[in-house]
Amino acid sequence: MSSLFEFFTDLAKAGYLPAMFEHAFMVRGMMAALIVGPVLGGMGTVVVTRKLAFFTQTVGNASLTGVAIGLLFGEPIEGTYAGLYGFCLIIALLMTYVKNRARVSNDTVIGVVLAQVLGIGILMMVLVTKQFNVHQIEAILFGSLITLNNNDLILLIIISMIAMVVGAIIFNRTMLSSFNPIMAKTRGVRPVLIEYVFIAVLTVVIVASLKLVGALLVLVLMVVPAAGAQNIAKNLVQFFWLTIAFSTVSTVIGLLASGVWPIPTGASIVLVASIVFYSTLTLKPLLGKGEIQQGQS
Amino acid sequence: MSDKLIDSPALLSVKDCSVKLGGSQILAGVTWEVKAGTLHALIGPNGAGKTTMIRCIMGGMPHQGEIRIRFQGDGRIGYVPQLLEFDHTLPITVGDFFSIMLRNKPIFLGKGRKVRKRAVEALKLTESDHLIDRLIGGLSGGELRRVLLSQALIPLPELLVLDEAASNVDEFGARIFEDLLLRLKEEHNLTILMVSHDLSMIRRTADWVTGINRTVTFDGPAQTFCNLKKIDELFIETALVVLNRQEGKTP
């Protein structure tokens with residue numbers, strides 16, 4: 001992996017790549033951006049269809065508590081993997097279980113947990129580190145390119161590959177069960193199992209993307225490209241590929257912008273995603289995708 | 001009473017079915033059956049347990065008692081839901097909907113010509129093949145019902161379950177829907193179980209009626225049900241009484 005980074009940094013030093021890639025962390029960041037963009041985009045189409053936007057935010061917030069738990073059990077600050085992935089997965093699957101069992105709406109369950117995990121997370125971070133280290137919390141909430149190490153990148157590549165394979169296998173099934181679970185059952189789909197599998201994959205993808213995008217901004221990258229694609233897509237296939245394109249453009253240009261100007265990567269990615277979204281609004285009438293026409297019985 | 005009602009074996013038998021949810025008894029010892037080749041209406045007031053009963057039949061609700069379906073062939077149930085729970089602004093066409101339903105290969109890798117052909121064939125059964133490229137969110141209530149009925153017909157099921165599938169459709173749309181059901185029943189010898197609030201529709205289409213309100217309140221031929229003088233006492237359903245009055249029949 002290190003020789004790969006050296007190859008790109010050497011290219012930058014020789015003038016074949018922009019000077020910002022002389023730094024290994026920028027090369028790592030670009031690799032992460034090229035992976036996170038398409039994967040979050042692809043999953044974003046399902047997140048929007050299944051109305052899981054706030055669920056995504058809750059998993060992001062839970063990462064703060066996850067990091068604190070990792071530190072509590074002696075994991076190093078640069079790699080609290082067990083605490084982070086373990087806690088976020090438990091919270092995500094627990095929310096799904098409660099939503100399916102309790103007579104409470106999905107929004108209410110998410111709202112309760114969202115506030116809890118953020119509050120408990122900050123409290124635990126202070127208790128565990130014996131100080132209020134604002135930079136540590138900032139890195140989790142807004143992403144931190146400099147702290148993205150080789151292990152993070154390898155984990156991101158492995159998780160993204162699993163997500164792409166599993167996502168492709170269950171894509172149609174998860175879409176169908178979001179329309180109507182009983183109808184999906186008549187087609188041999190097991191809606192509850194599909195839901196748990198998708199939630200688990202979504203959670204690990206979100207957690208793996210946090211160092212690039214940040215806990216508070218992962219929701220935006222999951223939803224805004226899909227919302228932009230929704231503005232101009234005329235069918236589901238266009239919706240999927242346009243979302244991936246918008247998401248990738250956002251992560252790559254956002255990263256480049258943060259290399260040129262002194263702005264946080266997560267924030268610049270979100271800014272680019274927002275510009276793309278507003279551009280689609282202006283394109284909408286030009287592409288003839290106006291209001292949905294009401295048919296006749 | 002037609003011969004079909006007397007001679008047909010029961011395709012679906014529900015025996016002593018009970019469901020309790022969060023301390024409330026939704027269904028208590030419900031026993032009834034659906035004869036093969038008939039159009040069977042399941043009726044009752046709001047909150048009577050109709051949808052719970054359907055969920056039990058479809059295998060989506062834990063229950064006590066016995067539900068048996070005796071299929072003659074490969075045994076498929078076609079299900080037409082009351083509604084689709086989705087954001088109506090999503091760019092999903094009727095063709096996309098059939099693709100995600102009929103194929104495991106992810107739709108973003110292509111919709112497949114064979115699937116489109118099957119979808120068109122299914123839509124033709126309900127005279128709605130012209131809707132294949134329309135966005136689902138842009139369909140009228142009647143059009144959406146026809147599309148949902150089409151999906152339930154491929155492959156042709158032995159039992160077709162409709163969960164208030166003709167609700168929120170105007171009179172014209174409802175008549176087209178009824179005609180379709182009757183034609184499908186006759187042409188394909190389908191057994192149809194229809195949850196409905198619409199007394200007029202039941203009068204025009206049903207062979208047998210089962211009324212439930214936690215327990216079975218009525219079970220008999222549609223003709224007998226329609227001749228009842230006091231339907232409102234059986235079902236405590238204002239809508240039914242109002243409908244009766246509109247049609248000039250004193251309840």
# chains A, B, ... in the order shown; residues from 1 in each chain; ligands from 1
$ interface_residues --of "chain A" --to "chain B" --cutoff "8 Å" --atoms "only C-alpha atoms" --output "VMD selection string"
chain A and resid 49 to 50 168 to 173 175 to 176 178 to 180 182 to 184 186 to 187 230 233 to 237 239 to 241 292 to 297
$ residues_around --residues "A:Leu93" --least-positions-apart "2" --cutoff "12 Å" --atoms "only C-alpha atoms" --output "ChimeraX atom specification"
/A:55,58-59,86-91,95-100,110,192-193,195-204
$ atom_distance --atom1 "atom CA of A:Leu210" --atom2 "atom CA of A:Leu141"
8.1 Å
$ closest_residue --among "B:Ser128, B:Ala119, B:Leu27, B:Leu159" --to "B:Leu12" --atoms "only C-alpha atoms"
B:Leu159
$ closest_residue --among "B:Asp219, B:Asp74, B:Asp179, B:Asp163" --to "B:Ser196" --atoms "only C-alpha atoms"
B:Asp163
$ residues_around --residues "A:Thr248" --least-positions-apart "6" --cutoff "9 Å" --atoms "only C-alpha atoms" --output "number ranges by chain"
A: 33-41
$ closest_residue --among "B:Leu156, B:Ala206, B:Met194, B:Asn227" --to "B:Gly75" --atoms "only C-alpha atoms"
B:Leu156
$ atom_distance --atom1 "atom CA of B:Thr191" --atom2 "atom CA of B:Ala10"
10.1 Å
$ atom_distance --atom1 "atom CA of A:Ile146" --atom2 "atom CA of A:Gly119"
26.0 Å
$ residues_around --residues "A:Ser144" --least-positions-apart "4" --cutoff "10 Å" --atoms "only C-alpha atoms" --output "PDB file with N, CA, C and O atoms, in the first residue's frame"
ATOM      1  N   GLY A  29      -6.869  10.102   0.665  1.00  0.00           N
ATOM      2  CA  GLY A  29      -8.173  10.774   0.628  1.00  0.00           C
ATOM      3  C   GLY A  29      -8.845  10.604  -0.718  1.00  0.00           C
ATOM      4  O   GLY A  29     -10.043  10.314  -0.788  1.00  0.00           O
ATOM      5  N   HIS A 135     -10.945  18.784  19.423  1.00  0.00           N
ATOM      6  CA  HIS A 135     -10.440  18.343  18.122  1.00  0.00           C
ATOM      7  C   HIS A 135     -10.840  16.897  17.822  1.00  0.00           C
ATOM      8  O   HIS A 135     -11.139  16.547  16.690  1.00  0.00           O
ATOM      9  N   GLN A 136     -10.807  16.081  18.899  1.00  0.00           N
ATOM     10  CA  GLN A 136     -11.196  14.676  18.751  1.00  0.00           C
ATOM     11  C   GLN A 136     -12.662  14.571  18.313  1.00  0.00           C
ATOM     12  O   GLN A 136     -13.006  13.839  17.383  1.00  0.00           O
ATOM     13  N   GLU A 138     -14.485  16.941  17.043  1.00  0.00           N
ATOM     14  CA  GLU A 138     -14.622  17.602  15.738  1.00  0.00           C
ATOM     15  C   GLU A 138     -14.269  16.644  14.594  1.00  0.00           C
ATOM     16  O   GLU A 138     -14.947  16.596  13.566  1.00  0.00           O
ATOM     17  N   ALA A 139     -13.201  15.855  14.803  1.00  0.00           N
ATOM     18  CA  ALA A 139     -12.750  14.911  13.766  1.00  0.00           C
ATOM     19  C   ALA A 139     -13.837  13.875  13.475  1.00  0.00           C
ATOM     20  O   ALA A 139     -14.050  13.489  12.318  1.00  0.00           O
ATOM     21  N   ILE A 140     -14.542  13.441  14.525  1.00  0.00           N
ATOM     22  CA  ILE A 140     -15.608  12.447  14.316  1.00  0.00           C
ATOM     23  C   ILE A 140     -16.823  13.100  13.653  1.00  0.00           C
ATOM     24  O   ILE A 140     -17.410  12.568  12.729  1.00  0.00           O
ATOM     25  N   LEU A 148      -7.000   9.743   8.527  1.00  0.00           N
ATOM     26  CA  LEU A 148      -7.347   8.562   7.713  1.00  0.00           C
ATOM     27  C   LEU A 148      -6.066   7.780   7.417  1.00  0.00           C
ATOM     28  O   LEU A 148      -5.219   8.230   6.645  1.00  0.00           O
ATOM     29  N   LEU A 210     -16.847   7.595   7.730  1.00  0.00           N
ATOM     30  CA  LEU A 210     -16.889   8.731   8.661  1.00  0.00           C
ATOM     31  C   LEU A 210     -15.639   9.603   8.635  1.00  0.00           C
ATOM     32  O   LEU A 210     -15.732  10.823   8.752  1.00  0.00           O
ATOM     33  N   LYS A 211     -14.471   8.991   8.493  1.00  0.00           N
ATOM     34  CA  LYS A 211     -13.253   9.800   8.563  1.00  0.00           C
ATOM     35  C   LYS A 211     -13.133  10.751   7.376  1.00  0.00           C
ATOM     36  O   LYS A 211     -12.497  11.786   7.447  1.00  0.00           O
ATOM     37  N   LEU A 212     -13.762  10.381   6.261  1.00  0.00           N
ATOM     38  CA  LEU A 212     -13.724  11.265   5.096  1.00  0.00           C
ATOM     39  C   LEU A 212     -14.834  12.318   5.185  1.00  0.00           C
ATOM     40  O   LEU A 212     -14.609  13.493   4.934  1.00  0.00           O
ATOM     41  N   VAL A 213     -16.036  11.865   5.537  1.00  0.00           N
ATOM     42  CA  VAL A 213     -17.197  12.759   5.448  1.00  0.00           C
ATOM     43  C   VAL A 213     -17.594  13.351   6.804  1.00  0.00           C
ATOM     44  O   VAL A 213     -18.053  14.499   6.869  1.00  0.00           O
ATOM     45  N   GLY A 214     -17.463  12.577   7.876  1.00  0.00           N
ATOM     46  CA  GLY A 214     -17.869  13.066   9.193  1.00  0.00           C
ATOM     47  C   GLY A 214     -19.269  12.612   9.559  1.00  0.00           C
ATOM     48  O   GLY A 214     -20.134  12.448   8.691  1.00  0.00           O
ATOM     49  N   PRO A 264     -12.456  22.306   5.606  1.00  0.00           N
ATOM     50  CA  PRO A 264     -12.591  20.887   5.965  1.00  0.00           C
ATOM     51  C   PRO A 264     -13.178  20.065   4.799  1.00  0.00           C
ATOM     52  O   PRO A 264     -14.069  20.547   4.097  1.00  0.00           O
ATOM     53  N   THR A 265     -12.679  18.851   4.626  1.00  0.00           N
ATOM     54  CA  THR A 265     -13.093  18.008   3.492  1.00  0.00           C
ATOM     55  C   THR A 265     -14.597  17.730   3.505  1.00  0.00           C
ATOM     56  O   THR A 265     -15.270  17.882   2.479  1.00  0.00           O
ATOM     57  N   GLY A 266     -15.107  17.301   4.661  1.00  0.00           N
ATOM     58  CA  GLY A 266     -16.529  16.956   4.770  1.00  0.00           C
ATOM     59  C   GLY A 266     -17.409  18.115   4.335  1.00  0.00           C
ATOM     60  O   GLY A 266     -18.346  17.955   3.548  1.00  0.00           O
TER      61      GLY A 266
END
$ residues_around --residues "A:Leu127" --least-positions-apart "5" --cutoff "10 Å" --atoms "only C-alpha atoms" --output "PDB file with N, CA and C atoms, in the first residue's frame"
ATOM      1  N   ALA A  68     -15.836   6.331  22.071  1.00  0.00           N
ATOM      2  CA  ALA A  68     -15.609   6.402  23.524  1.00  0.00           C
ATOM      3  C   ALA A  68     -15.543   5.006  24.136  1.00  0.00           C
ATOM      4  N   LEU A  72     -12.458   3.242  26.040  1.00  0.00           N
ATOM      5  CA  LEU A  72     -12.679   2.682  27.383  1.00  0.00           C
ATOM      6  C   LEU A  72     -12.102   1.267  27.486  1.00  0.00           C
ATOM      7  N   GLY A 121     -22.501   9.996  23.998  1.00  0.00           N
ATOM      8  CA  GLY A 121     -21.195   9.980  23.333  1.00  0.00           C
ATOM      9  C   GLY A 121     -20.289  11.080  23.835  1.00  0.00           C
ATOM     10  N   ILE A 122     -20.787  12.318  23.849  1.00  0.00           N
ATOM     11  CA  ILE A 122     -19.960  13.450  24.298  1.00  0.00           C
ATOM     12  C   ILE A 122     -19.582  13.274  25.771  1.00  0.00           C
ATOM     13  N   PHE A 132     -12.059  17.627  27.794  1.00  0.00           N
ATOM     14  CA  PHE A 132     -12.930  17.870  26.646  1.00  0.00           C
ATOM     15  C   PHE A 132     -12.051  18.240  25.466  1.00  0.00           C
TER      16      PHE A 132
END
$ select_by_dssp --residues "stretch 29-228 of chain A" --states "alpha helix (DSSP H)" --output "MDAnalysis selection string"
chainID A and resid 29:49 53:72 81:101 106:129 134:142 150:179 181:185 191:213 218:228
$ residues_around --residues "B:Asn213" --least-positions-apart "2" --cutoff "10 Å" --atoms "only C-alpha atoms" --output "ChimeraX atom specification"
/B:26-28,30,43-50,211,215-218,234-236
$ write_last_selection --atoms "all heavy atoms" --output "tab-separated table (two decimals), in the first residue's frame"
chain	number	residue	atom	x	y	z
B	26	ILE	N	-57.85	-8.90	18.94
B	26	ILE	CA	-58.21	-8.42	17.60
B	26	ILE	C	-59.16	-9.42	16.92
B	26	ILE	O	-60.16	-9.03	16.33
B	26	ILE	CB	-56.95	-8.22	16.72
B	26	ILE	CG1	-55.89	-7.39	17.46
B	26	ILE	CG2	-57.32	-7.59	15.38
B	26	ILE	CD1	-56.26	-5.97	17.75
B	27	LEU	N	-58.82	-10.71	17.04
B	27	LEU	CA	-59.68	-11.77	16.50
B	27	LEU	C	-59.88	-12.81	17.60
B	27	LEU	O	-58.94	-13.13	18.33
B	27	LEU	CB	-59.03	-12.43	15.27
B	27	LEU	CG	-58.85	-11.57	14.02
B	27	LEU	CD1	-58.01	-12.32	12.98
B	27	LEU	CD2	-60.19	-11.17	13.42
B	28	ALA	N	-61.12	-13.30	17.72
B	28	ALA	CA	-61.40	-14.28	18.78
B	28	ALA	C	-62.15	-15.48	18.20
B	28	ALA	O	-63.34	-15.40	17.91
B	28	ALA	CB	-62.22	-13.63	19.89
B	30	VAL	N	-62.17	-17.11	15.25
B	30	VAL	CA	-62.83	-16.91	13.95
B	30	VAL	C	-62.73	-18.18	13.11
B	30	VAL	O	-61.65	-18.72	12.91
B	30	VAL	CB	-62.18	-15.72	13.21
B	30	VAL	CG1	-62.72	-15.60	11.81
B	30	VAL	CG2	-62.39	-14.42	13.98
B	43	ILE	N	-66.07	-8.77	4.97
B	43	ILE	CA	-66.46	-7.41	5.31
B	43	ILE	C	-66.52	-7.21	6.82
B	43	ILE	O	-66.49	-8.17	7.60
B	43	ILE	CB	-67.83	-7.03	4.69
B	43	ILE	CG1	-68.94	-7.87	5.31
B	43	ILE	CG2	-67.83	-7.21	3.19
B	43	ILE	CD1	-70.31	-7.35	4.99
B	44	GLY	N	-66.62	-5.97	7.20
B	44	GLY	CA	-66.70	-5.63	8.62
B	44	GLY	C	-66.34	-4.18	8.82
B	44	GLY	O	-65.75	-3.56	7.93
B	45	PRO	N	-66.69	-3.60	9.97
B	45	PRO	CA	-66.39	-2.19	10.21
B	45	PRO	C	-64.89	-1.95	10.37
B	45	PRO	O	-64.11	-2.89	10.50
B	45	PRO	CB	-67.13	-1.88	11.51
B	45	PRO	CG	-67.29	-3.19	12.18
B	45	PRO	CD	-67.39	-4.22	11.10
B	46	ASN	N	-64.51	-0.67	10.41
B	46	ASN	CA	-63.11	-0.33	10.64
B	46	ASN	C	-62.66	-0.90	11.99
B	46	ASN	O	-63.38	-0.80	12.97
B	46	ASN	CB	-62.91	1.19	10.66
B	46	ASN	CG	-63.05	1.77	9.27
B	46	ASN	OD1	-62.72	1.12	8.28
B	46	ASN	ND2	-63.54	2.99	9.19
B	47	GLY	N	-61.49	-1.48	12.02
B	47	GLY	CA	-60.96	-2.04	13.28
B	47	GLY	C	-61.53	-3.39	13.62
B	47	GLY	O	-61.35	-3.88	14.74
B	48	ALA	N	-62.26	-4.02	12.68
B	48	ALA	CA	-62.90	-5.31	12.97
B	48	ALA	C	-61.92	-6.47	12.92
B	48	ALA	O	-62.22	-7.56	13.39
B	48	ALA	CB	-64.04	-5.56	11.98
B	49	GLY	N	-60.74	-6.23	12.33
B	49	GLY	CA	-59.74	-7.30	12.25
B	49	GLY	C	-59.61	-7.88	10.85
B	49	GLY	O	-58.99	-8.94	10.67
B	50	LYS	N	-60.15	-7.18	9.84
B	50	LYS	CA	-60.10	-7.71	8.46
B	50	LYS	C	-58.65	-7.80	7.97
B	50	LYS	O	-58.23	-8.84	7.46
B	50	LYS	CB	-60.89	-6.81	7.50
B	50	LYS	CG	-62.36	-6.64	7.85
B	50	LYS	CD	-63.09	-5.86	6.79
B	50	LYS	CE	-62.61	-4.43	6.62
B	50	LYS	NZ	-62.87	-3.54	7.74
B	211	GLY	N	-68.80	-11.81	7.33
B	211	GLY	CA	-68.65	-10.55	8.07
B	211	GLY	C	-67.94	-10.83	9.37
B	211	GLY	O	-68.26	-11.80	10.07
B	215	THR	N	-65.26	-11.38	15.99
B	215	THR	CA	-65.71	-12.76	15.74
B	215	THR	C	-66.51	-12.74	14.43
B	215	THR	O	-66.75	-11.67	13.88
B	215	THR	CB	-66.64	-13.26	16.87
B	215	THR	OG1	-67.73	-12.33	16.95
B	215	THR	CG2	-65.92	-13.32	18.20
B	216	VAL	N	-66.94	-13.90	13.98
B	216	VAL	CA	-67.74	-13.94	12.75
B	216	VAL	C	-69.16	-13.46	13.06
B	216	VAL	O	-69.81	-13.98	13.97
B	216	VAL	CB	-67.76	-15.37	12.15
B	216	VAL	CG1	-68.72	-15.44	10.97
B	216	VAL	CG2	-66.36	-15.77	11.70
B	217	THR	N	-69.61	-12.43	12.31
B	217	THR	CA	-70.96	-11.89	12.55
B	217	THR	C	-71.96	-12.33	11.48
B	217	THR	O	-73.15	-12.24	11.67
B	217	THR	CB	-70.92	-10.36	12.59
B	217	THR	OG1	-70.22	-9.89	11.44
B	217	THR	CG2	-70.22	-9.85	13.84
B	218	PHE	N	-71.42	-12.74	10.34
B	218	PHE	CA	-72.28	-13.25	9.27
B	218	PHE	C	-71.45	-14.17	8.39
B	218	PHE	O	-70.29	-13.88	8.10
B	218	PHE	CB	-72.83	-12.09	8.42
B	218	PHE	CG	-73.68	-12.54	7.27
B	218	PHE	CD1	-75.04	-12.78	7.45
B	218	PHE	CD2	-73.12	-12.78	6.01
B	218	PHE	CE1	-75.82	-13.23	6.39
B	218	PHE	CE2	-73.90	-13.23	4.95
B	218	PHE	CZ	-75.26	-13.45	5.15
B	234	LEU	N	-75.66	-5.72	12.25
B	234	LEU	CA	-74.63	-6.74	12.17
B	234	LEU	C	-73.22	-6.14	12.21
B	234	LEU	O	-72.33	-6.66	12.83
B	234	LEU	CB	-74.77	-7.52	10.85
B	234	LEU	CG	-75.75	-8.67	10.83
B	234	LEU	CD1	-75.92	-9.17	9.41
B	234	LEU	CD2	-75.26	-9.81	11.71
B	235	PHE	N	-73.06	-5.03	11.53
B	235	PHE	CA	-71.70	-4.52	11.33
B	235	PHE	C	-71.41	-3.18	11.98
B	235	PHE	O	-70.27	-2.73	12.00
B	235	PHE	CB	-71.40	-4.45	9.83
B	235	PHE	CG	-71.56	-5.77	9.18
B	235	PHE	CD1	-72.65	-6.04	8.40
B	235	PHE	CD2	-70.66	-6.78	9.43
B	235	PHE	CE1	-72.83	-7.28	7.83
B	235	PHE	CE2	-70.83	-8.02	8.86
B	235	PHE	CZ	-71.92	-8.27	8.05
B	236	ILE	N	-72.45	-2.55	12.50
B	236	ILE	CA	-72.29	-1.25	13.16
B	236	ILE	C	-71.45	-0.33	12.27
B	236	ILE	O	-70.56	0.36	12.71
B	236	ILE	CB	-71.64	-1.38	14.57
B	236	ILE	CG1	-72.18	-2.62	15.27
B	236	ILE	CG2	-71.92	-0.15	15.43
B	236	ILE	CD1	-71.31	-3.09	16.42
